[in-house]
$ cat upload_21.csv   # CSV, C-alpha atoms
chain,number,residue,atom,x,y,z
A,1,MET,CA,-23.3,-9.7,-3.8
A,2,LEU,CA,-22.3,-12.6,-6.0
A,3,VAL,CA,-24.1,-15.8,-6.9
A,4,ILE,CA,-22.2,-18.6,-8.5
A,5,MET,CA,-24.1,-21.4,-10.1
A,6,GLY,CA,-22.6,-24.5,-11.5
A,7,HIS,CA,-23.5,-27.8,-13.0
A,8,THR,CA,-21.9,-31.2,-12.7
A,9,ASN,CA,-22.8,-34.6,-13.8
A,10,PHE,CA,-20.4,-36.4,-11.5
A,11,ALA,CA,-23.3,-38.0,-9.6
A,12,ALA,CA,-24.9,-39.4,-12.8
A,13,PRO,CA,-24.4,-43.2,-13.2
A,14,PRO,CA,-21.7,-44.1,-15.8
A,15,GLN,CA,-24.3,-45.8,-18.1
A,16,VAL,CA,-26.4,-42.6,-18.2
A,17,LYS,CA,-23.3,-40.6,-19.1
A,18,ARG,CA,-22.3,-43.1,-21.8
A,19,GLU,CA,-25.7,-43.0,-23.4
A,20,ALA,CA,-25.9,-39.2,-23.3
A,21,TYR,CA,-22.4,-38.9,-24.8
A,22,ALA,CA,-23.3,-41.4,-27.5
A,23,SER,CA,-26.5,-39.5,-28.3
A,24,LEU,CA,-24.8,-36.1,-28.5
A,25,SER,CA,-21.9,-37.5,-30.5
A,26,ALA,CA,-24.4,-39.0,-33.1
A,27,LEU,CA,-26.2,-35.6,-33.3
A,28,ALA,CA,-22.9,-33.8,-33.8
A,29,ALA,CA,-21.7,-36.2,-36.4
A,30,SER,CA,-24.9,-35.9,-38.4
A,31,ASP,CA,-24.8,-32.1,-38.1
A,32,GLU,CA,-28.1,-32.1,-36.2
A,33,LEU,CA,-26.7,-30.6,-33.0
A,34,LYS,CA,-27.3,-26.9,-33.2
A,35,ILE,CA,-26.3,-24.3,-30.6
A,36,GLU,CA,-27.4,-20.8,-31.0
A,37,ALA,CA,-24.3,-18.6,-30.3
A,38,GLU,CA,-23.6,-15.0,-30.8
A,39,PRO,CA,-20.0,-13.8,-31.0
A,40,ILE,CA,-19.3,-10.5,-29.2
A,41,GLU,CA,-15.9,-8.8,-29.3
A,42,LEU,CA,-14.0,-8.8,-26.1
A,43,GLU,CA,-14.1,-5.0,-25.8
A,44,ARG,CA,-17.9,-5.3,-25.4
A,45,VAL,CA,-17.7,-7.6,-22.4
A,46,GLY,CA,-19.8,-5.1,-20.3
A,47,GLU,CA,-22.6,-5.4,-22.8
A,48,ALA,CA,-22.3,-9.2,-22.8
A,49,TRP,CA,-22.6,-9.3,-19.0
A,50,ARG,CA,-25.7,-7.0,-19.1
A,51,ARG,CA,-27.3,-9.3,-21.7
A,52,LEU,CA,-26.6,-12.4,-19.7
A,53,ALA,CA,-28.1,-10.8,-16.6
A,54,ALA,CA,-31.2,-9.9,-18.6
A,55,GLY,CA,-31.6,-13.5,-19.8
A,56,ALA,CA,-29.9,-13.8,-23.1
A,57,HIS,CA,-31.6,-16.3,-25.4
A,58,ARG,CA,-28.3,-17.4,-27.1
A,59,LYS,CA,-24.9,-18.4,-25.9
A,60,ILE,CA,-22.7,-15.4,-25.9
A,61,VAL,CA,-19.1,-16.1,-27.0
A,62,LEU,CA,-16.4,-13.5,-26.4
A,63,VAL,CA,-14.0,-13.3,-29.4
A,64,PRO,CA,-10.9,-11.3,-30.1
A,65,PRO,CA,-11.3,-8.0,-32.0
A,66,GLY,CA,-11.8,-8.4,-35.8
A,67,ARG,CA,-13.2,-11.8,-35.7

$ encode --input "upload_21.csv" --output "structure tokens"
Amino acid sequence: MLVIMGHTNFAAPPQVKREAYASLSALAASDELKIEAEPIELERVGEAWRRLAAGAHRKIVLVPPGR
């Protein structure tokens, strides 16, 4: 069984999207935008999937070996 969940902001009014983008851009420019990410080598993709299914508390980023 497969469940695919997605997100879109196409229905948001243009002004809301502009304000959100401006806010995120300002945070990124001031180095205040922080995203917790954990690199995992591509060979460990099975582990990454298991951790996501268990509710990982960080973004998991698959990277090439040796990175």

$ residues_around --input "upload_21.csv" --residues "stretch 32-37 of chain A" --least-positions-apart "2" --cutoff "9 Å" --atoms "only C-alpha atoms" --output "number ranges by chain"
A: 24-30, 39, 57-61

$ atom_distance --input "upload_21.csv" --atom1 "atom CA of A:Ile40" --atom2 "atom CA of A:Leu62"
5.0 Å

$ closest_residue --input "upload_21.csv" --among "A:Ser23, A:Lys17, A:His7, A:Arg44" --to "A:Val63" --atoms "all atoms listed in the file"
A:Arg44

$ build_atoms --input "upload_21.csv" --residues "stretch 41-59 of chain A" --atoms "N, CA and C atoms" --output "PDB file, keeping the file's coordinate frame"
ATOM      1  N   GLU A  41     -17.335  -9.096 -29.517  1.00  0.00           N
ATOM      2  CA  GLU A  41     -15.900  -8.800 -29.300  1.00  0.00           C
ATOM      3  C   GLU A  41     -15.617  -8.509 -27.859  1.00  0.00           C
ATOM      4  N   LEU A  42     -14.436  -8.898 -27.454  1.00  0.00           N
ATOM      5  CA  LEU A  42     -14.000  -8.800 -26.100  1.00  0.00           C
ATOM      6  C   LEU A  42     -14.179  -7.413 -25.484  1.00  0.00           C
ATOM      7  N   GLU A  43     -13.974  -6.387 -26.298  1.00  0.00           N
ATOM      8  CA  GLU A  43     -14.100  -5.000 -25.800  1.00  0.00           C
ATOM      9  C   GLU A  43     -15.526  -4.698 -25.356  1.00  0.00           C
ATOM     10  N   ARG A  44     -16.506  -5.485 -25.790  1.00  0.00           N
ATOM     11  CA  ARG A  44     -17.900  -5.300 -25.400  1.00  0.00           C
ATOM     12  C   ARG A  44     -18.341  -6.201 -24.293  1.00  0.00           C
ATOM     13  N   VAL A  45     -17.394  -6.601 -23.464  1.00  0.00           N
ATOM     14  CA  VAL A  45     -17.700  -7.600 -22.400  1.00  0.00           C
ATOM     15  C   VAL A  45     -18.755  -7.010 -21.437  1.00  0.00           C
ATOM     16  N   GLY A  46     -18.765  -5.700 -21.194  1.00  0.00           N
ATOM     17  CA  GLY A  46     -19.800  -5.100 -20.300  1.00  0.00           C
ATOM     18  C   GLY A  46     -21.189  -5.352 -20.869  1.00  0.00           C
ATOM     19  N   GLU A  47     -21.329  -5.172 -22.183  1.00  0.00           N
ATOM     20  CA  GLU A  47     -22.600  -5.400 -22.800  1.00  0.00           C
ATOM     21  C   GLU A  47     -22.993  -6.908 -22.712  1.00  0.00           C
ATOM     22  N   ALA A  48     -22.006  -7.776 -22.881  1.00  0.00           N
ATOM     23  CA  ALA A  48     -22.300  -9.200 -22.800  1.00  0.00           C
ATOM     24  C   ALA A  48     -22.781  -9.564 -21.380  1.00  0.00           C
ATOM     25  N   TRP A  49     -22.156  -9.015 -20.334  1.00  0.00           N
ATOM     26  CA  TRP A  49     -22.600  -9.300 -19.000  1.00  0.00           C
ATOM     27  C   TRP A  49     -24.024  -8.772 -18.757  1.00  0.00           C
ATOM     28  N   ARG A  50     -24.337  -7.581 -19.269  1.00  0.00           N
ATOM     29  CA  ARG A  50     -25.700  -7.000 -19.100  1.00  0.00           C
ATOM     30  C   ARG A  50     -26.726  -7.929 -19.797  1.00  0.00           C
ATOM     31  N   ARG A  51     -26.376  -8.414 -20.979  1.00  0.00           N
ATOM     32  CA  ARG A  51     -27.300  -9.300 -21.700  1.00  0.00           C
ATOM     33  C   ARG A  51     -27.508 -10.608 -21.002  1.00  0.00           C
ATOM     34  N   LEU A  52     -26.442 -11.143 -20.450  1.00  0.00           N
ATOM     35  CA  LEU A  52     -26.600 -12.400 -19.700  1.00  0.00           C
ATOM     36  C   LEU A  52     -27.464 -12.174 -18.465  1.00  0.00           C
ATOM     37  N   ALA A  53     -27.264 -11.059 -17.768  1.00  0.00           N
ATOM     38  CA  ALA A  53     -28.100 -10.800 -16.600  1.00  0.00           C
ATOM     39  C   ALA A  53     -29.539 -10.587 -16.938  1.00  0.00           C
ATOM     40  N   ALA A  54     -29.802 -10.081 -18.141  1.00  0.00           N
ATOM     41  CA  ALA A  54     -31.200  -9.900 -18.600  1.00  0.00           C
ATOM     42  C   ALA A  54     -31.832 -11.124 -19.113  1.00  0.00           C
ATOM     43  N   GLY A  55     -31.046 -12.192 -19.262  1.00  0.00           N
ATOM     44  CA  GLY A  55     -31.600 -13.500 -19.800  1.00  0.00           C
ATOM     45  C   GLY A  55     -31.413 -13.635 -21.245  1.00  0.00           C
ATOM     46  N   ALA A  56     -30.177 -13.601 -21.701  1.00  0.00           N
ATOM     47  CA  ALA A  56     -29.900 -13.800 -23.100  1.00  0.00           C
ATOM     48  C   ALA A  56     -30.455 -15.116 -23.608  1.00  0.00           C
ATOM     49  N   HIS A  57     -30.951 -15.134 -24.829  1.00  0.00           N
ATOM     50  CA  HIS A  57     -31.600 -16.300 -25.400  1.00  0.00           C
ATOM     51  C   HIS A  57     -30.611 -17.135 -26.266  1.00  0.00           C
ATOM     52  N   ARG A  58     -29.367 -16.694 -26.314  1.00  0.00           N
ATOM     53  CA  ARG A  58     -28.300 -17.400 -27.100  1.00  0.00           C
ATOM     54  C   ARG A  58     -27.090 -17.487 -26.187  1.00  0.00           C
ATOM     55  N   LYS A  59     -26.223 -18.406 -26.517  1.00  0.00           N
ATOM     56  CA  LYS A  59     -24.900 -18.400 -25.900  1.00  0.00           C
ATOM     57  C   LYS A  59     -24.123 -17.267 -26.383  1.00  0.00           C
TER      58      LYS A  59
END
